[in-house]
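Novice: Coordinates in start-v4.cif, mmCIF, C-alpha atoms, are listed below.
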data_data
loop_
_atom_site.label_atom_id
_atom_site.label_comp_id
_atom_site.auth_asym_id
_atom_site.auth_seq_id
_atom_site.Cartn_x
_atom_site.Cartn_y
_atom_site.Cartn_z
CA MET A 760 134.20 132.05 114.21
CA VAL A 761 131.45 130.53 112.09
CA LYS A 762 129.60 127.76 113.90
CA MET A 763 129.51 124.39 112.23
CA SER A 764 126.10 122.88 111.59
CA LEU A 765 125.02 119.67 113.27
CA ASP A 766 124.43 118.44 109.73
CA PRO A 767 127.83 118.86 108.05
CA VAL A 768 126.34 119.98 104.75
CA GLN A 769 123.88 122.53 106.10
CA VAL A 770 124.82 126.15 105.56
CA MET A 771 126.49 127.43 108.70
CA SER A 772 124.52 130.63 108.94
CA GLY A 773 121.13 128.96 108.64
CA GLN A 774 120.40 129.91 105.02
CA VAL A 775 118.20 126.84 104.74
CA LYS A 776 114.76 127.80 105.94
CA GLU A 777 112.78 125.57 108.30
CA LEU A 778 110.65 123.11 106.37
CA GLN A 779 106.99 123.62 107.21
CA VAL A 780 104.96 120.40 107.38
CA SER A 781 101.32 120.88 106.44
CA SER A 782 98.35 118.85 105.32
CA SER A 783 97.48 118.70 101.65
CA SER A 784 93.96 118.85 100.24
CA ASN A 785 93.71 115.06 100.18
CA GLY A 786 94.64 114.79 103.84
CA GLU A 787 98.21 113.60 103.28
CA THR A 788 101.01 115.29 105.15
CA ARG A 789 103.80 116.65 103.00
CA GLY A 790 106.62 119.19 103.12
CA SER A 791 105.78 122.67 101.91
CA TRP A 792 108.14 124.36 99.46
CA GLU A 793 106.61 127.80 99.94
CA GLU A 794 109.63 128.99 101.96
CA LYS A 795 112.19 127.61 99.55
CA PRO A 796 114.99 130.19 99.11
CA VAL A 797 116.06 131.29 95.67
CA PHE A 798 119.23 129.42 94.70
CA ASP A 799 122.11 131.20 93.03
CA GLN A 800 125.01 129.15 91.69
CA ASP A 801 127.23 132.22 91.99
CA GLN A 802 127.50 131.19 95.65
CA LEU A 803 129.31 128.08 94.40
CA GLY A 804 131.72 130.06 92.27
CA LEU A 805 129.80 129.04 89.15
CA THR A 806 127.93 131.24 86.71
CA THR A 807 124.95 129.37 85.29
CA LYS A 808 121.45 129.37 86.79
CA PRO A 809 119.45 126.17 87.28
CA LYS A 810 116.92 125.18 84.63
CA PRO A 811 114.06 122.70 84.87
CA VAL A 812 114.80 119.12 83.97
CA THR A 813 113.85 118.86 80.30
CA GLY A 814 114.47 115.19 79.61
CA ARG A 815 117.14 112.63 78.91
CA ARG A 816 120.29 113.36 76.95
CA ALA A 817 122.83 111.17 75.25
CA ARG A 818 126.21 110.70 76.90
CA LYS A 819 129.16 110.97 74.58
CA VAL A 820 132.90 111.15 75.07
CA GLU A 821 135.22 112.39 72.35
CA GLY A 822 136.88 109.37 70.80
CA GLY A 823 134.19 106.96 71.99
CA VAL A 824 132.25 106.00 75.09
CA PHE A 825 134.02 103.86 77.65
CA PHE A 826 134.30 103.45 81.39
CA PRO A 827 137.69 102.77 82.98
CA LYS A 828 138.28 99.63 84.98
CA PRO A 829 138.61 100.33 88.72
CA GLU A 830 142.20 99.11 88.77
CA ASN A 831 143.18 101.70 86.16
CA ALA A 832 141.11 104.68 87.33
CA VAL A 833 141.37 107.13 90.19
CA THR A 834 138.05 106.36 91.86
CA ILE A 835 136.35 109.15 93.80
CA ALA A 836 133.29 108.03 95.79
CA VAL A 837 131.00 110.93 96.66
CA SER A 838 127.97 110.85 98.91
CA SER A 839 124.78 112.29 97.42
CA ARG A 840 124.51 114.51 100.53
CA VAL A 841 127.77 116.32 99.71
CA LEU A 842 127.41 116.36 95.93
CA PHE A 843 123.91 117.85 96.22
CA ARG A 844 121.92 119.87 98.74
CA THR A 845 119.43 117.54 100.44
CA GLU A 846 118.65 119.35 103.71
CA ARG A 847 114.94 119.67 102.96
CA GLU A 848 114.61 116.01 102.12
CA GLN A 849 116.48 115.14 105.31
CA LYS A 850 113.93 117.12 107.32
CA VAL A 851 111.09 115.17 105.72
CA PHE A 852 112.84 111.95 106.72
CA GLU A 853 113.42 113.13 110.30
CA GLN A 854 109.91 114.51 110.78
CA LYS A 855 107.80 111.99 108.87
CA GLY A 856 109.83 108.80 108.53
CA VAL A 857 111.11 106.71 105.66
CA GLU A 858 107.82 106.00 103.87
CA GLU A 859 106.84 109.67 103.63
CA TYR A 860 110.41 110.46 102.63
CA LEU A 861 110.30 108.01 99.72
CA ARG A 862 106.89 109.33 98.67
CA TYR A 863 108.22 112.88 98.79
CA GLN A 864 111.24 112.00 96.67
CA ILE A 865 109.08 110.34 94.03
CA GLU A 866 106.69 113.31 93.94
CA HIS A 867 109.64 115.67 93.35
CA GLU A 868 111.80 113.46 91.14
CA ASN A 869 111.65 115.94 88.24
CA GLU A 870 113.01 118.73 90.46
CA PRO A 871 116.83 118.65 90.42
CA PHE A 872 118.80 118.94 93.64
CA GLU A 873 120.93 122.03 94.06
CA PRO A 874 124.74 121.68 94.06
CA GLY A 875 126.42 120.79 97.36
CA PRO A 876 129.94 121.36 98.68
CA ALA A 877 131.53 118.60 96.57
CA PHE A 878 129.97 119.85 93.32
CA PRO A 879 132.78 122.23 92.19
CA PHE A 880 135.36 119.54 93.05
CA VAL A 881 133.57 116.98 90.87
CA LYS A 882 133.24 119.48 88.01
CA ALA A 883 136.99 120.11 88.24
CA LEU A 884 137.67 116.35 88.10
CA GLU A 885 135.64 116.14 84.93
CA ALA A 886 137.55 119.08 83.43
CA VAL A 887 140.81 117.19 84.06
CA ASN A 888 139.33 114.11 82.41
CA THR A 889 138.53 116.15 79.31
CA CYS A 890 142.18 117.22 79.08
CA LEU A 891 143.42 113.66 79.65
CA ARG A 892 141.17 112.27 76.92
CA GLU A 893 142.51 114.85 74.47
CA LEU A 894 146.12 113.85 75.20
CA TYR A 895 145.61 110.10 75.76
CA PRO A 896 142.43 109.03 73.90
CA GLN A 897 142.82 105.33 74.71
CA SER A 898 144.00 105.63 78.31
CA GLU A 899 141.86 104.51 81.23
CA GLU A 900 143.89 106.54 83.72
CA LEU A 901 141.07 108.93 84.49
CA PHE A 902 139.03 110.11 87.43
CA ASP A 903 136.04 107.81 87.87
CA ILE A 904 133.26 109.22 90.05
CA VAL A 905 130.95 106.88 91.94
CA LEU A 906 127.83 108.32 93.57
CA VAL A 907 127.30 106.64 96.93
CA THR A 908 124.01 106.99 98.78
CA TYR A 909 122.12 105.28 101.58
CA ASN A 910 118.95 105.93 99.60
CA HIS A 911 116.49 103.36 98.35
CA ALA A 912 116.65 102.70 94.62
CA HIS A 913 113.38 104.65 94.17
CA VAL A 914 115.37 107.85 94.75
CA GLY A 915 117.71 106.95 91.90
CA ILE A 916 115.43 108.54 89.29
CA ARG A 917 115.68 111.95 90.95
CA LEU A 918 119.46 111.57 91.28
CA ILE A 919 119.79 110.65 87.60
CA ASN A 920 117.59 113.58 86.59
CA THR A 921 119.76 115.87 88.69
CA ILE A 922 123.00 114.55 87.21
CA ASN A 923 121.65 115.08 83.70
CA HIS A 924 120.40 118.55 84.60
CA HIS A 925 123.84 119.61 85.84
CA ASN A 926 125.61 117.90 82.92
CA LEU A 927 127.69 115.64 85.14
CA PHE A 928 129.31 112.49 83.78
CA ILE A 929 128.48 110.05 86.59
CA GLU A 930 127.35 106.60 85.50
CA ARG A 931 128.33 104.52 88.52
CA PHE A 932 125.89 104.50 91.44
CA CYS A 933 125.90 102.66 94.74
CA MET A 934 122.47 102.89 96.42
CA THR A 935 122.65 100.82 99.60
CA GLY A 936 119.12 101.22 101.00
CA GLY A 937 120.45 102.14 104.44
CA SER A 938 123.32 99.66 104.59
CA SER A 939 126.95 100.66 105.10
CA PRO A 940 128.74 101.40 101.81
CA ILE A 941 132.24 100.57 103.07
CA GLY A 942 132.39 97.10 101.54
CA TYR A 943 131.39 98.52 98.17
CA LEU A 944 134.05 101.21 98.45
CA LYS A 945 136.69 98.51 98.78
CA ALA A 946 135.26 96.66 95.79
CA TRP A 947 135.48 99.85 93.71
CA GLN A 948 139.12 100.25 94.83
CA THR A 949 138.21 103.73 96.02
CA ASN A 950 141.00 106.30 96.19
CA LEU A 951 138.94 108.93 98.05
CA TYR A 952 135.57 108.89 99.81
CA LEU A 953 133.74 112.14 100.62
CA SER A 954 130.69 112.05 102.87
CA ALA A 955 128.58 114.04 105.30
CA ASP A 956 128.54 111.10 107.72
CA ALA A 957 131.52 111.35 110.07
CA ASP A 958 130.98 107.84 111.41
CA LYS A 959 131.17 106.31 107.95
CA VAL A 960 134.26 108.39 107.20
CA ARG A 961 135.96 106.97 110.31
CA GLU A 962 134.89 103.48 109.24
CA ALA A 963 136.44 104.03 105.82
CA LEU A 964 139.68 105.33 107.32
CA ALA A 965 139.85 102.27 109.57
CA GLU A 966 139.67 100.13 106.43
CA GLY A 967 142.56 102.02 104.85
CA ILE A 968 140.42 104.14 102.50
CA ALA A 969 141.27 107.84 102.23
CA ALA A 970 138.17 109.67 103.44
CA ALA A 971 136.95 112.99 104.79
CA THR A 972 133.79 114.67 106.05
CA MET A 973 132.72 117.67 103.98
CA PHE A 974 131.18 120.90 105.27
CA MET A 975 129.26 123.73 103.63
CA PRO A 976 130.51 127.22 104.52
CA GLU A 977 128.30 130.29 104.73
CA LYS A 978 129.98 131.92 101.76
CA ARG A 979 131.76 130.36 98.81
CA THR A 980 134.94 131.52 97.13
CA GLU A 981 134.99 131.41 93.35
CA VAL A 982 137.16 128.55 92.13
CA SER A 983 138.85 127.70 88.85
CA GLU A 984 136.85 125.92 86.16
CA SER A 985 139.97 124.77 84.30
CA GLN A 986 142.45 123.71 87.02
CA LEU A 987 141.81 121.24 89.85
CA ARG A 988 143.29 122.67 93.06
CA VAL A 989 143.70 120.40 96.08
CA ALA A 990 145.23 121.54 99.39
CA PHE A 991 146.46 119.26 102.17
CA ASP A 992 147.48 119.70 105.78
CA GLY A 993 150.65 117.81 106.69
CA ASP A 994 150.64 115.90 109.98
CA ALA A 995 147.82 113.34 110.38
CA VAL A 996 146.75 113.97 106.77
CA LEU A 997 149.66 113.34 104.38
CA PHE A 998 151.93 112.19 107.20
CA SER A 999 151.30 110.17 110.35
CA ASP A 1000 150.50 111.89 113.64
CA GLU A 1001 153.89 110.93 115.16
CA SER A 1002 155.11 114.53 115.47
CA GLU A 1003 151.69 115.79 116.52
CA ARG A 1004 151.78 113.37 119.43
CA ILE A 1005 155.11 114.81 120.60
CA PHE A 1006 153.69 118.33 120.43
CA LYS A 1007 150.49 117.43 122.29
CA ALA A 1008 152.33 115.52 125.02
CA HIS A 1009 155.45 117.63 125.56
CA GLY A 1010 154.94 121.05 124.00
CA LEU A 1011 156.53 123.13 121.27
CA ASP A 1012 160.18 123.07 122.41
CA LYS A 1013 160.22 119.30 122.64
CA PHE A 1014 158.56 119.11 119.24
CA PHE A 1015 161.30 121.25 117.66
CA GLU A 1016 163.96 119.12 119.33
CA HIS A 1017 162.33 115.93 118.09
CA GLU A 1018 162.15 117.21 114.51
CA ARG A 1019 165.80 118.33 114.49
CA GLU A 1020 166.96 114.97 115.82
CA ASN A 1021 164.86 113.09 113.26
CA GLU A 1022 165.05 115.31 110.19
CA ASP A 1023 166.71 112.53 108.16
CA ARG A 1024 164.22 109.89 109.29
CA LEU A 1025 161.14 109.76 107.10
CA LEU A 1026 157.71 110.45 108.53
CA ASP A 1027 155.30 107.56 108.24
CA HIS A 1028 152.43 107.90 105.78
CA GLY A 1029 149.11 109.46 106.70
CA PRO A 1030 145.60 108.59 105.47
CA LEU A 1031 145.67 110.83 102.36
CA LYS A 1032 149.18 110.07 101.13
CA GLY A 1033 147.75 107.65 98.58
CA PHE A 1034 145.41 110.28 97.15
CA LEU A 1035 148.33 112.69 96.67
CA GLU A 1036 150.20 109.85 94.93
CA VAL A 1037 147.48 109.29 92.35
CA LEU A 1038 147.18 113.02 91.73
CA GLY A 1039 150.93 113.09 91.11
CA LYS A 1040 150.65 110.17 88.72
CA LEU A 1041 148.11 112.04 86.62
CA GLN A 1042 150.18 115.23 86.78
CA LYS A 1043 153.14 113.38 85.27
CA LYS A 1044 151.01 112.45 82.26
CA PHE A 1045 150.65 116.17 81.56
CA TYR A 1046 154.34 116.81 82.24
CA ALA A 1047 155.19 114.16 79.63
CA LYS A 1048 153.33 116.26 77.07
CA GLY A 1049 155.21 119.45 78.00
CA GLN A 1050 152.43 120.85 80.20
CA ARG A 1051 154.19 121.20 83.54
CA LEU A 1052 153.65 124.96 83.71
CA ASP A 1053 149.99 124.84 82.71
CA CYS A 1054 149.04 121.50 84.24
CA PRO A 1055 145.29 121.30 85.04
CA ILE A 1056 146.08 119.75 88.46
CA ARG A 1057 147.81 121.77 91.19
CA THR A 1058 148.56 120.62 94.74
CA PHE A 1059 149.32 122.56 97.91
CA LEU A 1060 150.75 121.77 101.33
CA VAL A 1061 149.34 124.17 103.93
CA THR A 1062 150.84 123.36 107.32
CA ALA A 1063 151.25 125.13 110.65
CA ARG A 1064 154.79 123.72 110.83
CA SER A 1065 157.50 126.37 110.59
CA ALA A 1066 159.93 126.10 107.69
CA ALA A 1067 163.40 126.32 109.29
CA SER A 1068 162.54 124.55 112.56
CA SER A 1069 160.43 121.63 111.35
CA GLY A 1070 159.67 121.97 107.65
CA ILE A 1071 162.75 120.22 106.30
CA ARG A 1072 161.63 116.81 107.55
CA ALA A 1073 158.30 117.14 105.75
CA LEU A 1074 159.98 118.14 102.49
CA LYS A 1075 162.56 115.35 102.72
CA THR A 1076 159.79 112.84 103.31
CA LEU A 1077 157.84 113.97 100.25
CA ARG A 1078 160.99 113.83 98.12
CA ALA A 1079 161.85 110.33 99.33
CA TRP A 1080 158.32 109.21 98.49
CA GLY A 1081 158.78 110.56 94.98
CA LEU A 1082 155.95 113.04 95.45
CA GLU A 1083 155.89 116.64 94.29
CA ILE A 1084 153.86 119.41 95.91
CA ASP A 1085 153.45 122.39 93.64
CA GLU A 1086 153.28 124.91 96.48
CA ALA A 1087 154.23 124.54 100.15
CA LEU A 1088 153.14 127.05 102.78
CA PHE A 1089 154.76 126.77 106.23
CA LEU A 1090 152.69 129.07 108.43
CA ALA A 1091 154.43 128.65 111.82
CA GLY A 1092 151.10 128.60 113.61
CA ALA A 1093 149.47 131.46 111.70
CA PRO A 1094 145.80 131.06 110.68
CA LYS A 1095 145.28 129.01 107.55
CA GLY A 1096 142.04 130.64 106.42
CA PRO A 1097 143.55 133.75 104.77
CA MET A 1098 146.10 131.66 102.87
CA LEU A 1099 143.43 129.27 101.65
CA GLU A 1100 141.32 132.21 100.52
CA LYS A 1101 144.18 133.17 98.19
CA ILE A 1102 144.79 129.61 97.00
CA ARG A 1103 141.09 129.02 96.23
CA PRO A 1104 141.23 125.21 96.37
CA HIS A 1105 138.31 123.04 95.35
CA ILE A 1106 138.91 121.13 98.58
CA TYR A 1107 141.20 121.42 101.61
CA PHE A 1108 141.90 118.49 103.95
CA ASP A 1109 142.75 118.97 107.65
CA ASP A 1110 142.56 116.76 110.74
CA GLN A 1111 141.62 119.55 113.16
CA MET A 1112 138.15 121.08 113.22
CA PHE A 1113 139.59 124.41 114.32
CA HIS A 1114 141.36 124.73 110.96
CA VAL A 1115 138.34 123.40 109.06
CA GLU A 1116 136.20 126.07 110.69
CA GLY A 1117 138.80 128.75 109.97
CA ALA A 1118 138.90 127.75 106.30
CA ALA A 1119 135.11 127.71 106.06
CA GLU A 1120 134.90 131.16 107.62
CA MET A 1121 136.93 132.48 104.67
CA GLY A 1122 134.78 130.66 102.10
CA THR A 1123 136.93 127.58 101.45
CA ILE A 1124 135.38 124.14 101.05
CA ALA A 1125 137.13 122.19 103.78
CA ALA A 1126 137.00 118.50 104.65
CA HIS A 1127 137.76 117.00 108.05
CA VAL A 1128 139.99 113.93 108.25
CA PRO A 1129 139.12 112.40 111.67
CA TYR A 1130 142.46 110.71 112.21
CA GLY A 1131 145.20 110.85 114.83
CA ILE A 1132 145.81 112.25 118.28
CA ALA A 1133 144.13 115.59 117.55
CA GLN A 1134 140.73 113.87 117.71
CA LYS A 1135 141.31 113.36 121.46
CA HIS A 1136 142.25 116.95 122.24
CA ASN A 1137 140.57 120.31 122.36
CA THR A 1138 139.98 121.36 118.74
CA LYS A 1139 139.65 125.00 119.80
CA GLN A 1140 143.35 125.29 120.56
CA LYS A 1141 144.59 128.16 118.42
CA THR A 1142 148.30 127.44 118.20
CA THR A 1143 149.16 124.11 116.60
CA GLU A 1144 152.77 124.41 115.57
CA GLY A 1145 153.07 120.64 115.42
CA LYS A 1146 150.60 120.58 112.56
#
As structure tokens, please, write out the structure in this file.
Specialist:
Amino acid sequence: MVKMSLDPVQVMSGQVKELQVSSSSNGETRGSWEEKPVFDQDQLGLTTKPKPVTGRRARKVEGGVFFPKPENAVTIAVSSRVLFRTEREQKVFEQKGVEEYLRYQIEHENEPFEPGPAFPFVKALEAVNTCLRELYPQSEELFDIVLVTYNHAHVGIRLINTINHHNLFIERFCMTGGSSPIGYLKAWQTNLYLSADADKVREALAEGIAAATMFMPEKRTEVSESQLRVAFDGDAVLFSDESERIFKAHGLDKFFEHERENEDRLLDHGPLKGFLEVLGKLQKKFYAKGQRLDCPIRTFLVTARSAASSGIRALKTLRAWGLEIDEALFLAGAPKGPMLEKIRPHIYFDDQMFHVEGAAEMGTIAAHVPYGIAQKHNTKQKTTEGK
């Protein structure tokens, strides 16, 4: 099993070389880039190579330039540490402190950051927006991406240069200078928050904001550039952890009995139900234009529940909520990694680190949802039928 890094967005196999701190000719201490590895975007499932930042570019949207109001948009807040690779900068901060870190960022502000684990997901969101604008030129029902960072505003220039370099359409920034971003997330009416900081993710979940901690796997599976693919676990992600609690406390037989007795009683909602809802809302806009079969958004349920014994309650709950899942995989405790390798999602959400690690081992970008009873139990348990 691949070991997870202490820093969620560091490569698990240690691809990031140790930053060497040395003295410059003027006596100042700075981070050396001599050991910087060559970056290849093919690892991200993309094809283009990075180019130097060449300057500013105009931002245009077919049919005009506009920014949706938060109440109309699907707002995705993404931490700079998961959108981009910032391990080297983090080492400067840890070894030399905040002042040297800020100086370092300013000195390198014309060098773009490399893509991080959330990068393909954000590119897929923008691809969906392009399709929506073609079909509904005046609609504000779009994905709206907000870059959230603890950084000082001085670092904003490097972030803007990087966004322009990678041709991302991100105009909304939230640079908190070390303060918690949670209050701002609520003001943005955030539908999903992705971060490398597990504590802030828990804080967001406690405030009712869908959130997950992202991880960088050793290898990356190539993903679609034209269809957004999002995969969800069931219990403690889309649904509450009610059934998971029965399984943890009383075992598999009692879990099956509980599900049979309650198959007509809906499961309560989990932390990411709302995100699935807004995805479904956008999907229906494509269905209305006759694009059900080639919709640029596709959703997946990947659960360790078994179909006949416990799957019917999950499906009845989704139907009662008015939600559609394009594909549902009931694995009856089998490993999820191989299935996710075939699905090739841009992101997979699970509440158990064991499954996150299994997905990452197969090259899937996985995000941990630290919610529910599983956070209090051994995450190395290999059979989780109640999931």
Novice: Selection in question (the file shown): the PyMOL selection byres ((chain A and resi 914-926) around 6). Which residues does it include, as a list of chain:residue names?
Specialist: A:Val812, A:Glu868, A:Pro871, A:Phe872, A:His911, A:Ala912, A:His913, A:Leu927
Novice: Decode the PyMOL selection byres ((chain A and resi 969) around 8) for the given file into explicit residues and return them as a PyMOL selection string.
Specialist: chain A and resi 950-952+963-964+967-968+970-971+1030-1031+1033-1034
Novice: In terms of the shortest atom-to-atom distance over all atoms listed in the file, which of A:Asn1021, A:Ser954, A:Gln1111, A:Asn869 is closest to Ala1063 (chain A)?
Specialist: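 Of all the options, A:Gln1111 lies closest to Ala1063 (chain A).
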Novice: Do you know which residues the PyMOL selection byres ((chain A and resi 1028) around 10) returns on this file, as number ranges by chain?
Specialist: A: 994-1001, 1025-1027, 1029-1033, 1076-1077, 1080
Novice: What are the nearest atom pairs, with distances in Å to one decimal, for all residues of region 950-989 of chain A that come at most 7 Å from region 878-895 of chain A, using only C-alpha atoms, set out by chain and rising residue number as CSV?
Specialist:
residue,atom,partner,partner_atom,distance
A:Glu984,CA,A:Ala883,CA,6.2
A:Ser985,CA,A:Ala886,CA,6.2
A:Gln986,CA,A:Ala883,CA,6.7
A:Leu987,CA,A:Ala883,CA,5.2
Novice: Can you tell me, as a ChimeraX atom specification, what residues are no more than 12 Å from Leu1082 (chain A) when counting all atoms listed in the file, ignoring any on the same chain fewer than 6 positions away?
Specialist: /A:997,1032-1043,1058-1060,1073-1076
Novice: Excluding Asn910 (chain A) and any residue of its chain fewer than 3 positions from it, enumerate the residues within 12 Å of it, using only C-alpha atoms, and give them as number ranges by chain.
Specialist: A: 838-840, 845, 848-849, 852, 857-858, 860-861, 864, 906-907, 913-918, 932-940
Novice: Which residue, A:Ala1047, A:Ala1087, A:Ala832, A:Ala1133, has the smallest gap to Ala1066 (chain A) when you use all atoms listed in the file?
Specialist: A:Ala1087
Novice: Calculate how many Å separate CA of Phe843 (chain A) from CA of Glu977 (chain A), rounding to one decimal.
Specialist: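 Rounded to one decimal, the two atoms are 15.7 Å apart.
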Novice: Using CA of Ala1093 (chain A) and CA of Arg961 (chain A) as the two end points, give the distance in Å to one decimal.
Specialist: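 The value is 28.0 Å.
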Novice: What does the structure give for the distance between CA of Arg862 (chain A) and CA of Thr908 (chain A), in Å to one decimal?
Specialist: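 It comes out at 17.3 Å.
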Novice: With distances taken over only C-alpha atoms, which residue among A:Glu873, A:Glu866, A:Glu1018, A:Glu962 lies nearest Ser1068 (chain A)?
Specialist: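 Going through A:Glu873, A:Glu866, A:Glu1018, A:Glu962 one by one, the smallest distance to Ser1068 (chain A) is for A:Glu1018.
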